[in-house]
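Containing mmCIF, C-alpha atoms: coords.cif.
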data_model
#
loop_
_atom_site.group_PDB
_atom_site.id
_atom_site.type_symbol
_atom_site.label_atom_id
_atom_site.label_comp_id
_atom_site.auth_asym_id
_atom_site.auth_seq_id
_atom_site.Cartn_x
_atom_site.Cartn_y
_atom_site.Cartn_z
ATOM 1 C CA MET A 1 -17.756 3.948 13.669
ATOM 2 C CA ASN A 2 -16.521 0.856 15.506
ATOM 3 C CA ILE A 3 -12.886 1.077 16.568
ATOM 4 C CA LYS A 4 -10.990 -2.125 17.265
ATOM 5 C CA SER A 5 -9.239 -2.555 20.566
ATOM 6 C CA PHE A 6 -5.458 -2.544 20.329
ATOM 7 C CA ASP A 7 -5.253 -6.267 21.139
ATOM 8 C CA ASP A 8 -7.535 -7.093 18.206
ATOM 9 C CA LEU A 9 -5.457 -5.268 15.578
ATOM 10 C CA ASP A 10 -3.907 -7.405 12.850
ATOM 11 C CA ILE A 11 -2.037 -6.917 9.602
ATOM 12 C CA THR A 12 -5.183 -5.955 7.674
ATOM 13 C CA ASP A 13 -5.761 -2.895 9.862
ATOM 14 C CA PRO A 14 -4.159 0.105 8.120
ATOM 15 C CA ILE A 15 -2.440 1.276 11.314
ATOM 16 C CA MET A 16 -0.738 -2.081 11.901
ATOM 17 C CA PHE A 17 -0.078 -2.542 8.190
ATOM 18 C CA GLY A 18 1.650 0.833 8.081
ATOM 19 C CA LEU A 19 3.768 0.097 11.140
ATOM 20 C CA VAL A 20 4.884 -3.319 9.904
ATOM 21 C CA PHE A 21 5.620 -2.277 6.333
ATOM 22 C CA SER A 22 7.561 0.782 7.430
ATOM 23 C CA ASN A 23 10.380 -1.706 8.067
ATOM 24 C CA LYS A 24 12.672 -2.139 5.079
ATOM 25 C CA HIS A 25 13.330 -5.824 5.791
ATOM 26 C CA ILE A 26 9.566 -6.382 5.426
ATOM 27 C CA ALA A 27 8.697 -3.973 2.607
ATOM 28 C CA LYS A 28 11.642 -4.608 0.284
ATOM 29 C CA PRO A 29 11.155 -8.352 -0.355
ATOM 30 C CA PHE A 30 7.387 -7.864 -0.447
ATOM 31 C CA ILE A 31 7.578 -5.283 -3.238
ATOM 32 C CA GLU A 32 10.239 -7.275 -5.092
ATOM 33 C CA HIS A 33 8.165 -10.468 -5.102
ATOM 34 C CA LEU A 34 4.899 -8.733 -5.961
ATOM 35 C CA LEU A 35 6.338 -6.832 -8.911
ATOM 36 C CA GLY A 36 9.038 -9.273 -9.989
ATOM 37 C CA ILE A 37 11.752 -6.632 -9.707
ATOM 38 C CA LYS A 38 15.036 -6.202 -7.887
ATOM 39 C CA ILE A 39 15.367 -3.093 -5.725
ATOM 40 C CA ASP A 40 18.839 -1.636 -5.334
ATOM 41 C CA HIS A 41 18.236 0.642 -2.342
ATOM 42 C CA LEU A 42 14.892 1.198 -0.639
ATOM 43 C CA GLU A 43 14.547 4.315 1.454
ATOM 44 C CA THR A 44 12.880 3.725 4.818
ATOM 45 C CA PRO A 45 9.149 3.439 4.013
ATOM 46 C CA VAL A 46 6.893 6.086 5.547
ATOM 47 C CA PRO A 47 3.609 4.957 7.155
ATOM 48 C CA GLU A 48 0.593 7.234 6.749
ATOM 49 C CA ALA A 49 2.620 9.466 4.438
ATOM 50 C CA VAL A 50 0.767 12.664 3.600
ATOM 51 C CA LEU A 51 1.380 14.337 0.255
ATOM 52 C CA SER A 52 -0.277 17.448 -1.139
ATOM 53 C CA TYR A 53 0.268 19.993 -3.880
ATOM 54 C CA ASP A 54 -0.587 22.870 -1.572
ATOM 55 C CA ALA A 55 -3.188 24.028 0.932
ATOM 56 C CA GLU A 56 -5.749 24.608 -1.842
ATOM 57 C CA HIS A 57 -5.786 21.007 -3.074
ATOM 58 C CA LYS A 58 -6.914 17.760 -1.508
ATOM 59 C CA GLY A 59 -3.998 15.901 0.001
ATOM 60 C CA VAL A 60 -3.637 12.117 0.141
ATOM 61 C CA ARG A 61 -2.555 9.810 2.923
ATOM 62 C CA TYR A 62 -0.781 6.710 1.715
ATOM 63 C CA ASP A 63 -0.825 3.665 4.019
ATOM 64 C CA VAL A 64 2.854 3.171 3.171
ATOM 65 C CA PHE A 65 4.980 5.215 0.777
ATOM 66 C CA ALA A 66 8.435 4.033 -0.290
ATOM 67 C CA ARG A 67 11.075 5.078 -2.785
ATOM 68 C CA GLU A 68 13.876 3.209 -4.498
ATOM 69 C CA THR A 69 16.890 5.496 -4.877
ATOM 70 C CA ASN A 70 20.334 5.381 -6.453
ATOM 71 C CA GLU A 71 23.687 6.157 -4.844
ATOM 72 C CA ASN A 72 23.022 9.892 -5.277
ATOM 73 C CA GLY A 73 19.683 9.719 -3.470
ATOM 74 C CA GLU A 74 17.715 10.260 -6.679
ATOM 75 C CA THR A 75 14.387 8.462 -7.024
ATOM 76 C CA ILE A 76 14.316 5.489 -9.386
ATOM 77 C CA ARG A 77 10.848 4.186 -8.564
ATOM 78 C CA SER A 78 8.166 4.963 -6.000
ATOM 79 C CA PHE A 79 5.617 2.663 -4.392
ATOM 80 C CA ASP A 80 2.331 3.282 -2.604
ATOM 81 C CA LEU A 81 1.040 0.278 -0.628
ATOM 82 C CA GLU A 82 -2.619 0.349 0.395
ATOM 83 C CA MET A 83 -4.431 -2.198 2.568
ATOM 84 C CA GLN A 84 -8.056 -1.738 1.527
ATOM 85 C CA MET A 85 -10.597 -3.898 3.335
ATOM 86 C CA VAL A 86 -13.761 -2.116 2.139
ATOM 87 C CA ASP A 87 -14.978 -1.513 -1.404
ATOM 88 C CA THR A 88 -15.704 2.203 -1.256
ATOM 89 C CA LYS A 89 -16.827 2.200 -4.916
ATOM 90 C CA GLU A 90 -14.193 4.797 -5.838
ATOM 91 C CA LEU A 91 -10.903 2.894 -5.669
ATOM 92 C CA PRO A 92 -10.086 3.344 -9.395
ATOM 93 C CA GLN A 93 -10.580 7.111 -9.068
ATOM 94 C CA ARG A 94 -8.602 7.146 -5.852
ATOM 95 C CA ALA A 95 -5.741 5.298 -7.550
ATOM 96 C CA ARG A 96 -5.820 7.904 -10.318
ATOM 97 C CA TYR A 97 -5.626 10.781 -7.836
ATOM 98 C CA TYR A 98 -2.925 9.111 -5.745
ATOM 99 C CA GLN A 99 -0.845 8.811 -8.887
ATOM 100 C CA SER A 100 -1.414 12.436 -9.886
ATOM 101 C CA VAL A 101 -0.502 13.812 -6.454
ATOM 102 C CA GLY A 102 2.621 11.667 -6.354
ATOM 103 C CA ASP A 103 3.669 13.012 -9.748
ATOM 104 C CA GLY A 104 2.853 16.596 -8.783
ATOM 105 C CA VAL A 105 4.957 16.413 -5.648
ATOM 106 C CA ALA A 106 7.814 14.639 -7.444
ATOM 107 C CA LEU A 107 7.998 17.150 -10.312
ATOM 108 C CA SER A 108 9.412 20.420 -9.028
ATOM 109 C CA LYS A 109 8.620 23.767 -10.641
ATOM 110 C CA GLY A 110 10.489 24.017 -13.927
ATOM 111 C CA GLY A 111 11.219 20.293 -13.932
ATOM 112 C CA TYR A 112 11.183 18.176 -17.066
ATOM 113 C CA TYR A 113 8.431 15.639 -17.654
ATOM 114 C CA THR A 114 11.098 13.126 -18.603
ATOM 115 C CA SER A 115 12.290 13.218 -14.987
ATOM 116 C CA LEU A 116 9.096 11.474 -13.821
ATOM 117 C CA LYS A 117 10.004 7.979 -12.651
ATOM 118 C CA GLU A 118 8.149 4.688 -12.440
ATOM 119 C CA GLN A 119 5.295 4.846 -9.967
ATOM 120 C CA TYR A 120 3.337 1.902 -8.584
ATOM 121 C CA ILE A 121 0.001 2.198 -6.797
ATOM 122 C CA ILE A 122 -0.642 -1.149 -5.091
ATOM 123 C CA PHE A 123 -3.980 -2.023 -3.520
ATOM 124 C CA LEU A 124 -4.345 -5.153 -1.380
ATOM 125 C CA CYS A 125 -8.021 -6.105 -1.181
ATOM 126 C CA PRO A 126 -9.986 -9.113 0.078
ATOM 127 C CA MET A 127 -12.777 -8.498 -2.448
ATOM 128 C CA ASP A 128 -12.734 -8.603 -6.240
ATOM 129 C CA ILE A 129 -13.915 -5.066 -6.991
ATOM 130 C CA PHE A 130 -13.853 -5.708 -10.747
ATOM 131 C CA GLY A 131 -15.851 -8.932 -10.568
ATOM 132 C CA GLN A 132 -13.977 -10.763 -13.302
ATOM 133 C CA GLY A 133 -12.471 -13.500 -11.141
ATOM 134 C CA PHE A 134 -8.776 -12.675 -11.476
ATOM 135 C CA PRO A 135 -6.454 -12.806 -8.456
ATOM 136 C CA ILE A 136 -4.457 -9.830 -9.776
ATOM 137 C CA TYR A 137 -5.422 -6.883 -11.971
ATOM 138 C CA HIS A 138 -2.538 -4.997 -13.588
ATOM 139 C CA PHE A 139 -3.386 -1.653 -15.145
ATOM 140 C CA GLU A 140 -1.251 0.469 -17.432
ATOM 141 C CA ASN A 141 -2.095 2.777 -20.324
ATOM 142 C CA ARG A 142 -2.238 1.090 -23.729
ATOM 143 C CA ALA A 143 -3.715 1.993 -27.111
ATOM 144 C CA ARG A 144 -7.268 0.786 -27.705
ATOM 145 C CA GLU A 145 -6.373 0.231 -31.349
ATOM 146 C CA ASP A 146 -3.508 -2.115 -30.512
ATOM 147 C CA SER A 147 -2.907 -3.291 -26.948
ATOM 148 C CA ASN A 148 0.717 -4.028 -27.852
ATOM 149 C CA ILE A 149 1.308 -0.265 -28.019
ATOM 150 C CA CYS A 150 2.075 0.937 -24.506
ATOM 151 C CA LEU A 151 1.954 4.631 -23.637
ATOM 152 C CA ASN A 152 5.043 4.064 -21.495
ATOM 153 C CA ASP A 153 4.135 6.816 -19.035
ATOM 154 C CA ARG A 154 5.708 4.692 -16.276
ATOM 155 C CA THR A 155 2.581 4.518 -14.137
ATOM 156 C CA PHE A 156 1.148 1.238 -12.889
ATOM 157 C CA LYS A 157 -1.895 0.466 -10.759
ATOM 158 C CA ASN A 158 -2.135 -3.080 -9.414
ATOM 159 C CA PHE A 159 -4.925 -4.661 -7.400
ATOM 160 C CA TYR A 160 -4.191 -7.903 -5.522
ATOM 161 C CA ILE A 161 -7.267 -9.863 -4.384
ATOM 162 C CA PHE A 162 -5.805 -11.770 -1.467
ATOM 163 C CA LYS A 163 -8.845 -13.964 -0.743
ATOM 164 C CA LYS A 164 -8.008 -15.638 -4.057
ATOM 165 C CA TYR A 165 -4.613 -16.696 -2.675
ATOM 166 C CA GLU A 166 -4.989 -20.241 -4.003
ATOM 167 C CA GLU A 167 -4.860 -18.870 -7.563
ATOM 168 C CA PHE A 168 -1.502 -17.116 -7.232
ATOM 169 C CA THR A 169 1.205 -19.006 -9.096
ATOM 170 C CA ASN A 170 4.245 -17.477 -7.391
ATOM 171 C CA PRO A 171 4.595 -19.462 -4.130
ATOM 172 C CA VAL A 172 6.070 -16.543 -2.180
ATOM 173 C CA VAL A 173 3.315 -14.155 -3.273
ATOM 174 C CA LYS A 174 0.740 -16.866 -2.597
ATOM 175 C CA ALA A 175 2.038 -17.158 0.989
ATOM 176 C CA TYR A 176 1.781 -13.389 1.442
ATOM 177 C CA MET A 177 -1.804 -13.358 0.178
ATOM 178 C CA LYS A 178 -2.754 -16.372 2.283
ATOM 179 C CA TYR A 179 -1.392 -14.615 5.362
ATOM 180 C CA PHE A 180 -3.484 -11.521 4.672
ATOM 181 C CA ALA A 181 -6.574 -13.691 4.159
ATOM 182 C CA THR A 182 -6.129 -16.208 6.983
ATOM 183 C CA ARG A 183 -3.202 -15.050 9.216
ATOM 184 C CA ASN A 184 -1.599 -18.462 8.618
ATOM 185 C CA VAL A 185 2.194 -18.320 8.491
ATOM 186 C CA ASP A 186 3.486 -20.454 5.604
ATOM 187 C CA SER A 187 6.817 -18.879 4.709
ATOM 188 C CA ARG A 188 9.896 -17.133 6.039
ATOM 189 C CA GLU A 189 8.535 -13.819 4.739
ATOM 190 C CA THR A 190 5.156 -14.134 6.442
ATOM 191 C CA GLU A 191 6.842 -15.287 9.639
ATOM 192 C CA ALA A 192 8.818 -12.029 9.616
ATOM 193 C CA ILE A 193 5.570 -10.061 9.202
ATOM 194 C CA ASN A 194 3.852 -11.979 11.977
ATOM 195 C CA ASP A 195 6.814 -11.454 14.313
ATOM 196 C CA GLN A 196 6.701 -7.734 13.586
ATOM 197 C CA VAL A 197 2.975 -7.606 14.383
ATOM 198 C CA SER A 198 3.670 -9.315 17.713
ATOM 199 C CA PHE A 199 6.509 -6.889 18.397
ATOM 200 C CA TYR A 200 4.300 -3.844 17.938
ATOM 201 C CA LYS A 201 1.464 -5.327 19.965
ATOM 202 C CA ALA A 202 3.906 -5.723 22.856
ATOM 203 C CA ASP A 203 5.180 -2.151 22.495
ATOM 204 C CA THR A 204 3.795 -0.018 25.321
ATOM 205 C CA LEU A 205 4.457 3.253 23.479
ATOM 206 C CA ILE A 206 2.552 2.111 20.386
ATOM 207 C CA ARG A 207 -0.271 0.833 22.584
ATOM 208 C CA ASN A 208 -0.557 4.174 24.394
ATOM 209 C CA LYS A 209 -0.534 6.120 21.121
ATOM 210 C CA TYR A 210 -3.301 3.927 19.746
ATOM 211 C CA MET A 211 -5.370 4.247 22.904
ATOM 212 C CA THR A 212 -5.062 8.041 22.660
ATOM 213 C CA TYR A 213 -6.148 7.844 19.009
ATOM 214 C CA GLU A 214 -9.060 5.562 20.001
ATOM 215 C CA PHE A 215 -10.119 7.982 22.757
ATOM 216 C CA ASP A 216 -9.986 10.971 20.393
ATOM 217 C CA LEU A 217 -12.190 9.150 17.873
ATOM 218 C CA HIS A 218 -14.649 8.227 20.604
ATOM 219 C CA GLU A 219 -14.806 11.850 21.750
ATOM 220 C CA SER A 220 -15.367 13.014 18.179
ATOM 221 C CA LYS A 221 -18.172 10.476 17.800
ATOM 222 C CA GLU A 222 -19.861 11.678 20.974
ATOM 223 C CA GLU A 223 -19.528 15.317 19.885
ATOM 224 C CA GLY A 224 -21.063 14.393 16.554
ATOM 225 C CA LYS A 225 -24.029 12.764 18.303
ATOM 226 C CA ALA A 226 -24.508 15.841 20.461
#

Could you take the file, read its structure, and then write that structure out as structure tokens?
Amino acid sequence: MNIKSFDDLDITDPIMFGLVFSNKHIAKPFIEHLLGIKIDHLETPVPEAVLSYDAEHKGVRYDVFARETNENGETIRSFDLEMQMVDTKELPQRARYYQSVGDGVALSKGGYYTSLKEQYIIFLCPMDIFGQGFPIYHFENRAREDSNICLNDRTFKNFYIFKKYEEFTNPVVKAYMKYFATRNVDSRETEAINDQVSFYKADTLIRNKYMTYEFDLHESKEEGKA
């Protein structure tokens, strides 16, 4: 396991991605442009959010978890943002489980299935794990007999292949994807992200926390060797 030094971290490292996108002024326009929606109120996104049914089941750790809520604090939609730099050969299954855990946590005992809200699992990847050449893959449940018939279970799993940034038609989304792929700042939105990265890299507290994390991983590695 090779751990990057703090000074080498960038937006594609899950730790930095989580820190940056835990800011509403970054996450809200990003989600809106990616999904083509308008968010009324976005709760403060949670980096490295851990959800689990209970101690007997495998929990999940989202890179960034966010909820859109109404004036009463009730969830309207939820979003899981994942920066995934490596094809682990199980991302579709992981997306399935992330969705199921999110639903299980959202639906309280005795709750009605109709209370389940829209849920988006969003993976940002450099590589095309499906190999069909598309810059975006949108997945939702539809009938095999007629693809116009949608199950309407309100679950969506989207994969954005950011190395294909030239093929994105929305200029704002294209700038986001280009930034992930090249770190080039081409828009107001990516400038805000880049400024936030610089802010965290200058934060002594964040640096010290990361160095402690790095040391703990090194110690674990050495213990494993022993």

Exercise for review: Skip region 113-118 of chain A itself and residues of its chain fewer than 5 positions away, then list as a PyMOL selection string all residues within 6 Å of it, counting only C-alpha atoms.
Suggested key: chain A and resi 76-77+154-155

Let's have the selection written as a compact mmCIF listing (two decimals), in the frame of the given file, with C-alpha atoms.
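And here is the file that came out, selection.txt:
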# COMPACT_ATOMS: atom_id res chain seq x y z
CA ILE A 76 14.32 5.49 -9.39
CA ARG A 77 10.85 4.19 -8.56
CA ARG A 154 5.71 4.69 -16.28
CA THR A 155 2.58 4.52 -14.14

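Atom pair CA of Arg67 (chain A) / CA of Pro47 (chain A) has a distance of 12.4 Å (rounded to one decimal).
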
Review point. If you measure from CA of Asn158 (chain A) to CA of Tyr120 (chain A), what distance in Å do you get, rounded to one decimal?
Key: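 Interatomic distance, CA of Asn158 (chain A) to CA of Tyr120 (chain A): 7.4 Å.
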
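Candidate residues A:Met211, A:Leu124, A:Ala95, A:Ile11 were compared for distance to Asp195 (chain A), and the nearest is A:Ile11, using only C-alpha atoms.
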
**Study point:** Point (-7.2, 6.8, -13.2) neighbourhood (12 Å, only C-alpha atoms) written as a list in words
**Key:**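 Residues with an atom at most 12 Å from (-7.2, 6.8, -13.2): Glu90, Leu91, Pro92, Gln93, Arg94, Ala95, Arg96, Tyr97, Tyr98, Gln99, Ser100, Val101, Ile121, Phe139, Glu140, Asn141, Thr155, Phe156, Lys157 and Asn158 of chain A.
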